[in-house]
Structures are given as C-alpha cells and as structure tokens.
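Everything on this sheet refers to the single structure shown next.
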Amino acid sequence: MKKLFASLGLMFALLSPSMGFAQDAAAPAEAVAVEAPVAAAPAEAPAAGAAAPVPVPDKGDTAWMMVSTLLVILMIVPGVALFYGGLVRAKNMLSVLTQVMAIFCLIAILWAVYGYSLAFGDGGSLNWMIGDLSKMFLAGITGDSTAATFTDGVVIPELSFVAFQLTFAAITTALIVGGLAERVKFSALMVFSVLWFTFAYLPMAHMVWATGGFLFEKGDLDFAGGTVVHINSGVAALMGALVLGKRVGYGRDAMPPHSLPFTMIGASLLWVGWFGFNAGSNLEATGGAALAFINTILATAAAGLAWMFAEWTLRGKPSMLGIASGVVAGLVAITPAAGLVGTMGAIVLGAVAGVVCLWGVTGLKKALGYDDSLDVFGIHGIGGIIGAIGTGIFVSPALGGVGVDGYSMGGQIVTQATGVLVTVVWSGVVSFTAFKLIDMTMGLRVSEEEEREGLDTASHGERAYTV
Amino acid sequence: MKFVTAIIKPFKLDEVREALSAIGVTGLTVTEVKGFGRQKGHTELYRGAEYVVDFLPKVKIEVAIKAEMLERVIEAIEKAANTGKIGDGKIFVTGLEQVVRIRTGESGPDAL
C-alpha cells in the first residue's frame, strides 16, 4: 500500500508543475481558437482569414479517420494484449492483459491532458523538438476545429486527428510491455509509462510528424510511425530488459508460450487493425490510403512467408509462432513505407524484414544475451530499422515508389539513417534513465518469490485459468 | 486378488477398455500421466528458445481383479495396447490385500 502511494505521489509530482502552467496557457489559447478554429496539426494550414473559403471536412475522410482510429484501438485491446498474453506462461497471462489495458487508459488521459498539445503544438524556439502547452486539456478544440492533411485545402475534424494520434501514443507505450513481461512491478510500469510517454514519445512524435520538427524538416520519411512507434518502443523494451535483468530461470527452465492460439488471434487482430494504422495515416480516404492498404497486405504476407521458409530451412519445421512473428515483422517494416513505396517494393521490404527479424530474435538475441521476454526489440526495433532504411530505398520512382521532391537514393538513405539514429539515441537515453531512476527509488522488479508465484496472483490477486 | 497398473499410449485407451470389458473386467480407473522411459522426448522451438520435452503424455490404467483372471487381463492389455513401436508402455502387477465396496460394505473378491 505504502509503495502504491509512493508511486501515485511520483505521478502527481510529475503532473503538477505542468498543471499549474495550464491555467496560464489555456485561456489565451481558447481565445485564439474561437477566432480561427482552423488547423494546428502536421502540414501547413491554409492561412485563416484569407480570401479563400474556410475548408470544410469531407464526410468520407471523417468517417475513414474514425474507422481507422477504432482499428488501431483493436490493435491494442485486445490485439497486442492477446499477442503478448499468449506468449507468456499461464501464471502471467492476466498481468500482461492488465498492463496493456491500463497503459491504454493511462495514455488516453495523458494525451488529452498534455500529450496532444506537446506533440503537435508549436513549441516556438523549442519547436524542433517539442510543441507547447496551448492546447492542454484540449483547450479550444471543438467539433468545428479542423486539422490539416497532406493535401492543401483538405482538412479533417481536429478531434478525429486527436483521437487517431491518441491511439498511436497508447500502442507505442503498450508495446514496451513485451520486453518487461513476467517480472516487472505493475506500479513501476505505470510510472515508467508516464515518464516515457512524456520524455520519449512526445518529442519523437513532434520531431517526426509536426511542422518544424527536426526530422520532419530534414525530410525524414516515416509514413505511419516506423521510428516514432516501432524503433522507439523497441529500444525502450531493450533498455528495460537490460535494466531489469533476466527472468528467474531464464535459459534453464522451460518457458514456452502458454497459448499460441491466443498469440495467433492477437497477431491477426494486429494485422486487421494495422490497416487503420497505415492507411489511416494517409489522413484522407484517397488513392494514397489505398496504396498504404494494399502494401499492408503484401509486405505482411511476404514477411510471414519469408520467416516461415527461413525457419523451415534452418530449423526443420515451419511453426505457428514463426509465421505469426513474421507477419508482425512485416507490419512493422511496412509502417514507415506504407503510402510511399510501390506494391512490389512492399513485397521485397516485407520479405527482407521477415528474415532479418528471425535473426533478430535468435542470433542477435543469443549473441547479446539479454532477456527481451517477447522480442520487442528483435521484431519492432530491428523491423523498424529495416523499414526506415527500406523506405529510403523503395520510395524511389525507379523502384515503383511515389518519390519525393529532389530524391536521390543515397541522400534519402542518409536522412533515414539519421532518423533511426536520433530515435535510437533519444529513446535509449530516456528509457535507460527512466528505468534506472525507478529501479533506484521504488524498485522496477517484483521479488523473486512473487516472480516464481506468477504475477497474476502476486500482483493482481486473480488467475486467468481455474480448473 | 491382484492389482494391475498399465501405462499405455493415450490413443490406445479405448481399445484396451474394450478388450478388458470383453474378458469380464467390470471397472477400471484411468489417469492422464506424464513420464519417460526408453522412448525419447521431442524438442520444441519457440523463436530462438529450444526446449527438450522429456516427459511424454501417457495414460495410466488401474484395475483390480481376481487372481485367476490375471493372465487373461495381462494378455488383453498387451494385445490391445501394442503398436510394436518404442513407447507402448508397461504393465505392473501387485498383490491386493483388501477391497471394500463402500455402498454395501462388501469386502474381498465379492467387492470386485
């Protein structure tokens, strides 16, 4: 109980300074918004008050954004929860499900309180890195507010953009659970989620997606979040696995997944939901969304097959977990590329990711000796890096991609690599610091006894299965 | 009276039960068990992690019989459970001192 209060205290301590700030910031922001409830988000907004009529959101775009948002929610609960839940031992099933659902709820609230504003606001002199607090508590955003899309003069309701981006923040934080599973203390995970969301997710999202963001201005291509979501969470999970240490009995006791059917269902829900994630990132229901859509089928299928055949060849049998892992690796890799590469480029990119991620969860993991319980780094980290670099290659019009202004493959690869590097370093430093800080204050890990007992009963007082 | 315990392959259970019924055995107890013998286990591979599974699932049958039935019971189980492959199982025979039917209080061979 005492520990719980301590962790709650830490959370409030984190929030309170910014809450005070809100009172100052909210009022003027509201005034501005009433005057001109036009855009605020990523691309350039048409100048309000100019002669051109104020753009009105298209009903089709609006419907598509809300459907996409729902699909991404499906990826989190129950998608990633079941994908991860099936991979742990039966005694930790509920702990993973609880962690994922709790993180979703937590990030949803934080997103509305300050996340959206910091991610997509204009941070003035700090705008290369972070937004501002003018839209804290979603101040001034009404049903009439609009957000810009990638097409001049086309807007969508800002609230639908807020909701869509909320789900991205939530799934990114939830993905980290996989690296910490079966041994992390629940309260510590909640505190970590607040810290990491604030200091790693928000700056990364701003740098990549917001006008004026460092990587955005550099021309870094990240269609749906390869850096912001996958490399970011993959590196955080790796740091968590390193700071936490290995699970008790790792490498000695058998720790097979307790229910691969759940993992299959979870992976499938991820795939279904990913259409919202990738095609929704187009922000408009257009041909660009259709390209992202079909790429999300093709790259994924190619990666599933590639992993399966590689495993079949190297290990003798094609496994369910193998093809499901390949599918997720393909989804990760196509994320930054979805609306930018051609269909054949997507197939190649997926196939490469399927094989390299197999190495990520076997060769690389064994060589470096960390216990990333559910291979978040091996799949999301490595797959994200493949996707980021691959986007720079396959965006080339010569390879069927849509191309970008002043494209040169070498230059774009360097830009993409810069994005990867910035993400790895940023996420690595923030994650490591946050994990260490928590470990030194409230403790990051459950006791050995609780770990052996299983987190379901030890941390949550219930069990997934009673016979 | 004799007490026969047989460890058999799970998919042979029905055949063994039928064979025993056919020679007049009126009841038996079945338990799902795991164990190892000469039959080797198998390896399971989950991403990079390889686990050797030594304990294989088997079915344990327990049957209490009159001593004069012993040879026929052993023969029935042996025939029904045989596949000729390693891992078919074993039959253990022990003496049985006393049996009581709980409902009626009968004891000894009458209770079988």
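Residue numbers start at 1 in each chain; chains themselves are named A, B, ... in the order of the structure tokens; ligands are numbered from 1 in the order shown.
The chain A residues that come within 9 Å of chain B are A:Gly251, A:Asp253, A:Ala254, A:Met255, A:Pro256, A:Pro257, A:Glu311, A:Arg315, A:Ser319, A:Leu321, A:Gly322, A:Ser325, A:Leu358, A:Trp359, A:Val361, A:Thr362, A:Gly363, A:Lys365, A:Lys366, with only C-alpha atoms taken into account.
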Would you save the residues from that selection as a compact mmCIF listing (two decimals), in the first residue's frame, using C-alpha atoms?
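Below is the file that was written, result16.txt:
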# COMPACT_ATOMS: atom_id res chain seq x y z
CA GLY A 251 17.92 -20.32 -20.08
CA ASP A 253 13.74 -23.60 -17.08
CA ALA A 254 11.38 -24.17 -19.95
CA MET A 255 9.33 -21.03 -20.61
CA PRO A 256 7.23 -21.96 -23.60
CA PRO A 257 4.30 -19.73 -24.59
CA GLU A 311 12.71 -21.21 -40.19
CA ARG A 315 15.28 -25.33 -38.06
CA SER A 319 6.00 -23.03 -36.81
CA LEU A 321 4.75 -18.74 -33.81
CA GLY A 322 7.22 -18.28 -36.66
CA SER A 325 6.11 -13.35 -35.79
CA LEU A 358 14.14 -14.02 -37.41
CA TRP A 359 17.84 -13.40 -36.94
CA VAL A 361 15.09 -12.93 -32.16
CA THR A 362 17.55 -15.81 -32.49
CA GLY A 363 21.13 -14.95 -33.47
CA LYS A 365 19.42 -12.08 -29.01
CA LYS A 366 21.64 -15.05 -28.22
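Excluding region 287-303 of chain A itself and same-chain residues fewer than 6 positions from it, the residues having an atom within 7 Å of it are A:Phe275, A:Asn278, A:Ala279, A:Gly280, A:Gly326, A:Val327, A:Ala329, A:Gly330, A:Leu331, A:Ile334, A:Ala338, A:Gly339, A:Thr343, A:Ala346, A:Ile347, A:Leu349, A:Gly350, A:Ala351, A:Ala353, A:Gly354, counting only C-alpha atoms.
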request  = Fewer than 4 positions away in the same chain doesn't count, so skip those; otherwise give me all residues within 8 Å of region 18-22 of chain B, counting only C-alpha atoms, as a PyMOL selection string.
outcome  = chain B and resi 14+26+73+76-77+80
Store the residues picked out above, limited to N, CA and C atoms, as a PDB file, in the first residue's frame.
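Written out: part.pdb:
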ATOM      1  N   ASP B  14      -9.151 -46.641 -25.643  1.00  0.00           N
ATOM      2  CA  ASP B  14     -10.442 -47.255 -25.969  1.00  0.00           C
ATOM      3  C   ASP B  14     -10.304 -48.736 -26.309  1.00  0.00           C
ATOM      4  N   THR B  26     -15.026 -55.459 -14.906  1.00  0.00           N
ATOM      5  CA  THR B  26     -16.217 -54.633 -14.757  1.00  0.00           C
ATOM      6  C   THR B  26     -15.921 -53.192 -14.363  1.00  0.00           C
ATOM      7  N   VAL B  73      -6.058 -60.865 -18.283  1.00  0.00           N
ATOM      8  CA  VAL B  73      -6.012 -59.394 -18.251  1.00  0.00           C
ATOM      9  C   VAL B  73      -4.699 -58.894 -18.858  1.00  0.00           C
ATOM     10  N   ALA B  76      -4.819 -59.332 -22.553  1.00  0.00           N
ATOM     11  CA  ALA B  76      -5.729 -58.386 -23.218  1.00  0.00           C
ATOM     12  C   ALA B  76      -5.077 -57.009 -23.367  1.00  0.00           C
ATOM     13  N   ILE B  77      -4.480 -56.557 -22.286  1.00  0.00           N
ATOM     14  CA  ILE B  77      -3.843 -55.230 -22.335  1.00  0.00           C
ATOM     15  C   ILE B  77      -2.671 -55.261 -23.321  1.00  0.00           C
ATOM     16  N   ALA B  80      -3.993 -55.285 -26.894  1.00  0.00           N
ATOM     17  CA  ALA B  80      -4.717 -54.082 -27.325  1.00  0.00           C
ATOM     18  C   ALA B  80      -3.809 -52.861 -27.390  1.00  0.00           C
TER      19      ALA B  80
END
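The space between CA of Gly384 (chain A) and CA of Ala333 (chain A) spans 5.4 Å.
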Spatial neighbours of Ala205 (chain A), 12 Å, only C-alpha atoms, chain gap at least 6 places, as a PyMOL selection string = chain A and resi 41-42+115-121+127-131+165-166+168-169+172+197-199+211-216+222-230+232+419+423+426-427
Shell around region 81-98 of chain A at 8 Å using only C-alpha atoms, local window under 3 positions removed, as a JSON list (two decimals) with N, CA and C atoms, in the first residue's frame:
[["chain", "number", "residue", "atom", "x", "y", "z"],
["A", 76, "ILE", "N", -4.65, -2.64, -29.98],
["A", 76, "ILE", "CA", -4.14, -2.57, -28.60],
["A", 76, "ILE", "C", -4.93, -3.53, -27.72],
["A", 77, "VAL", "N", -6.21, -3.25, -27.58],
["A", 77, "VAL", "CA", -7.09, -4.15, -26.85],
["A", 77, "VAL", "C", -8.14, -4.65, -27.83],
["A", 78, "PRO", "N", -8.14, -5.94, -28.08],
["A", 78, "PRO", "CA", -7.29, -6.95, -27.44],
["A", 78, "PRO", "C", -6.07, -7.38, -28.25],
["A", 101, "MET", "N", -4.01, -3.00, -21.01],
["A", 101, "MET", "CA", -5.23, -2.22, -20.91],
["A", 101, "MET", "C", -5.03, -0.97, -20.04],
["A", 102, "ALA", "N", -4.28, -1.13, -18.96],
["A", 102, "ALA", "CA", -4.04, 0.01, -18.07],
["A", 102, "ALA", "C", -3.23, 1.09, -18.80],
["A", 177, "VAL", "N", 5.72, -3.31, -23.02],
["A", 177, "VAL", "CA", 5.39, -4.36, -22.05],
["A", 177, "VAL", "C", 6.09, -5.68, -22.39],
["A", 178, "GLY", "N", 6.19, -5.97, -23.69],
["A", 178, "GLY", "CA", 6.76, -7.25, -24.11],
["A", 178, "GLY", "C", 8.20, -7.47, -23.65],
["A", 181, "ALA", "N", 7.93, -8.24, -19.63],
["A", 181, "ALA", "CA", 6.91, -9.18, -19.17],
["A", 181, "ALA", "C", 7.45, -10.22, -18.21],
["A", 182, "GLU", "N", 6.60, -10.64, -17.33],
["A", 182, "GLU", "CA", 6.80, -11.73, -16.37],
["A", 182, "GLU", "C", 7.66, -11.35, -15.17],
["A", 255, "MET", "N", 10.31, -22.12, -20.69],
["A", 255, "MET", "CA", 9.33, -21.03, -20.61],
["A", 255, "MET", "C", 8.55, -20.93, -21.92],
["A", 256, "PRO", "N", 7.94, -22.03, -22.31],
["A", 256, "PRO", "CA", 7.23, -21.96, -23.60],
["A", 256, "PRO", "C", 5.98, -21.09, -23.48],
["A", 257, "PRO", "N", 5.54, -20.52, -24.59],
["A", 257, "PRO", "CA", 4.30, -19.73, -24.59],
["A", 257, "PRO", "C", 3.15, -20.59, -24.08],
["A", 258, "HIS", "N", 2.24, -20.00, -23.31],
["A", 258, "HIS", "CA", 1.20, -20.85, -22.73],
["A", 258, "HIS", "C", 0.02, -21.06, -23.67],
["A", 259, "SER", "N", -0.15, -20.17, -24.66],
["A", 259, "SER", "CA", -1.27, -20.38, -25.58],
["A", 259, "SER", "C", -1.00, -19.72, -26.93],
["A", 260, "LEU", "N", -0.43, -20.47, -27.82],
["A", 260, "LEU", "CA", -0.17, -19.90, -29.14],
["A", 260, "LEU", "C", -1.44, -19.58, -29.92],
["A", 261, "PRO", "N", -2.57, -20.25, -29.67],
["A", 261, "PRO", "CA", -3.79, -19.79, -30.33],
["A", 261, "PRO", "C", -4.12, -18.33, -29.99],
["A", 262, "PHE", "N", -3.92, -17.93, -28.72],
["A", 262, "PHE", "CA", -4.14, -16.52, -28.36],
["A", 262, "PHE", "C", -3.19, -15.63, -29.14],
["A", 263, "THR", "N", -1.95, -16.10, -29.26],
["A", 263, "THR", "CA", -0.95, -15.31, -29.99],
["A", 263, "THR", "C", -1.35, -15.17, -31.46],
["A", 264, "MET", "N", -1.91, -16.24, -32.01],
["A", 264, "MET", "CA", -2.37, -16.17, -33.40],
["A", 264, "MET", "C", -3.53, -15.18, -33.53],
["A", 265, "ILE", "N", -4.46, -15.24, -32.59],
["A", 265, "ILE", "CA", -5.58, -14.30, -32.64],
["A", 265, "ILE", "C", -5.07, -12.87, -32.50],
["A", 266, "GLY", "N", -4.15, -12.68, -31.56],
["A", 266, "GLY", "CA", -3.59, -11.35, -31.34],
["A", 266, "GLY", "C", -2.88, -10.82, -32.58],
["A", 267, "ALA", "N", -2.06, -11.68, -33.19],
["A", 267, "ALA", "CA", -1.32, -11.25, -34.38],
["A", 267, "ALA", "C", -2.30, -10.91, -35.50],
["A", 374, "LEU", "N", 9.49, -10.99, -24.88],
["A", 374, "LEU", "CA", 8.63, -11.28, -26.02],
["A", 374, "LEU", "C", 9.19, -10.68, -27.31],
["A", 453, "GLU", "N", 5.91, -17.22, -8.18],
["A", 453, "GLU", "CA", 4.48, -17.47, -7.98],
["A", 453, "GLU", "C", 3.68, -17.10, -9.24],
["A", 454, "GLY", "N", 4.17, -16.09, -9.94],
["A", 454, "GLY", "CA", 3.44, -15.60, -11.11],
["A", 454, "GLY", "C", 2.78, -14.28, -10.77],
["A", 455, "LEU", "N", 2.80, -13.36, -11.74],
["A", 455, "LEU", "CA", 2.31, -12.01, -11.46],
["A", 455, "LEU", "C", 0.79, -11.95, -11.35],
["A", 456, "ASP", "N", 0.09, -12.92, -11.94],
["A", 456, "ASP", "CA", -1.37, -12.88, -11.87],
["A", 456, "ASP", "C", -1.85, -12.85, -10.43],
["A", 457, "THR", "N", -1.39, -13.80, -9.64],
["A", 457, "THR", "CA", -1.82, -13.83, -8.25],
["A", 457, "THR", "C", -1.01, -12.84, -7.41],
["A", 459, "SER", "N", 0.60, -9.97, -8.18],
["A", 459, "SER", "CA", 0.38, -8.54, -8.41],
["A", 459, "SER", "C", -1.08, -8.15, -8.55],
["A", 460, "HIS", "N", -1.90, -9.08, -9.00],
["A", 460, "HIS", "CA", -3.28, -8.70, -9.32],
["A", 460, "HIS", "C", -4.33, -9.46, -8.53],
["A", 462, "GLU", "N", -5.61, -12.44, -8.85],
["A", 462, "GLU", "CA", -6.57, -13.25, -9.60],
["A", 462, "GLU", "C", -5.78, -14.14, -10.54],
["A", 463, "ARG", "N", -6.46, -15.16, -11.06],
["A", 463, "ARG", "CA", -5.75, -16.02, -12.00],
["A", 463, "ARG", "C", -6.56, -16.17, -13.28],
["A", 464, "ALA", "N", -5.84, -16.38, -14.38],
["A", 464, "ALA", "CA", -6.50, -16.45, -15.68],
["A", 464, "ALA", "C", -7.33, -17.72, -15.82],
["A", 465, "TYR", "N", -6.80, -18.79, -15.29],
["A", 465, "TYR", "CA", -7.46, -20.08, -15.53],
["A", 465, "TYR", "C", -7.65, -20.82, -14.22]]
task = Just the helix (DSSP H, G or I) stuff from region 259-409 of chain A, please, per backbone DSSP, written as a ChimeraX atom specification.
result = /A:260-280,287-315,320-334,343-368,376-394,397-399,409
Surrounding residues of Asn82 (chain B) excluding itself and chain neighbours under 3 positions, 10 Å, only C-alpha atoms, as a PDB file with C-alpha atoms, in the first residue's frame:
ATOM      1  CA  ILE B   8      -0.149 -47.091 -22.271  1.00  0.00           C
ATOM      2  CA  LYS B   9      -0.239 -44.735 -25.207  1.00  0.00           C
ATOM      3  CA  LYS B  12      -4.885 -46.943 -27.191  1.00  0.00           C
ATOM      4  CA  VAL B  16      -7.722 -51.525 -24.056  1.00  0.00           C
ATOM      5  CA  ILE B  77      -3.843 -55.230 -22.335  1.00  0.00           C
ATOM      6  CA  GLU B  78      -0.687 -56.400 -24.036  1.00  0.00           C
ATOM      7  CA  LYS B  79      -2.523 -57.162 -27.272  1.00  0.00           C
ATOM      8  CA  LYS B  85       6.925 -49.210 -31.569  1.00  0.00           C
ATOM      9  CA  ILE B  86       9.012 -47.962 -28.677  1.00  0.00           C
ATOM     10  CA  GLY B  87       6.896 -46.215 -26.053  1.00  0.00           C
ATOM     11  CA  ASP B  88       3.999 -48.700 -25.913  1.00  0.00           C
ATOM     12  CA  GLY B  89       4.223 -48.734 -22.138  1.00  0.00           C
TER      13      GLY B  89
END
inquiry  = Can you pull out the residues contacting Ala388 (chain A)? Cut-off 6 Å, using only C-alpha atoms, and skip same-chain residues under 3 positions away; I want them as number ranges by chain.
reply    = A: 385, 391, 416
query = What does the distance between CA of Ile379 (chain A) and CA of Ile171 (chain A) come to in Å, to one decimal place?
reply =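 So the answer is 15.0 Å.
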Residue list (strand (DSSP E or B), DSSP) for region 60-101 of chain B, as a PyMOL selection string = chain B and resi 60-65+89-95+100
For the selection you just gave me, I'd like the residues written to a file as a PDB file, in the first residue's frame, keeping C-alpha atoms.
ATOM      1  CA  LYS B  60      -2.371 -44.948 -16.638  1.00  0.00           C
ATOM      2  CA  ILE B  61      -4.983 -47.673 -16.206  1.00  0.00           C
ATOM      3  CA  GLU B  62      -5.598 -49.276 -12.826  1.00  0.00           C
ATOM      4  CA  VAL B  63      -7.692 -52.374 -12.494  1.00  0.00           C
ATOM      5  CA  ALA B  64      -8.383 -54.644  -9.522  1.00  0.00           C
ATOM      6  CA  ILE B  65      -9.168 -58.269 -10.441  1.00  0.00           C
ATOM      7  CA  GLY B  89       4.223 -48.734 -22.138  1.00  0.00           C
ATOM      8  CA  LYS B  90       4.419 -51.258 -19.303  1.00  0.00           C
ATOM      9  CA  ILE B  91       2.207 -53.423 -17.125  1.00  0.00           C
ATOM     10  CA  PHE B  92       2.865 -53.668 -13.399  1.00  0.00           C
ATOM     11  CA  VAL B  93       1.236 -56.337 -11.228  1.00  0.00           C
ATOM     12  CA  THR B  94       0.987 -56.250  -7.453  1.00  0.00           C
ATOM     13  CA  GLY B  95      -0.894 -58.230  -4.892  1.00  0.00           C
ATOM     14  CA  VAL B 100     -14.298 -52.810   0.126  1.00  0.00           C
TER      15      VAL B 100
END
ask   = Could you work out how far CA of Gly387 (chain A) lies from CA of Leu202 (chain A), giving the answer in Å with one decimal?
value = 21.1 Å
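Closest approach to Leu112 (chain B) among B:Ile23, B:Val59, B:Met1, B:Leu70 is made by B:Met1 (distances from only C-alpha atoms).
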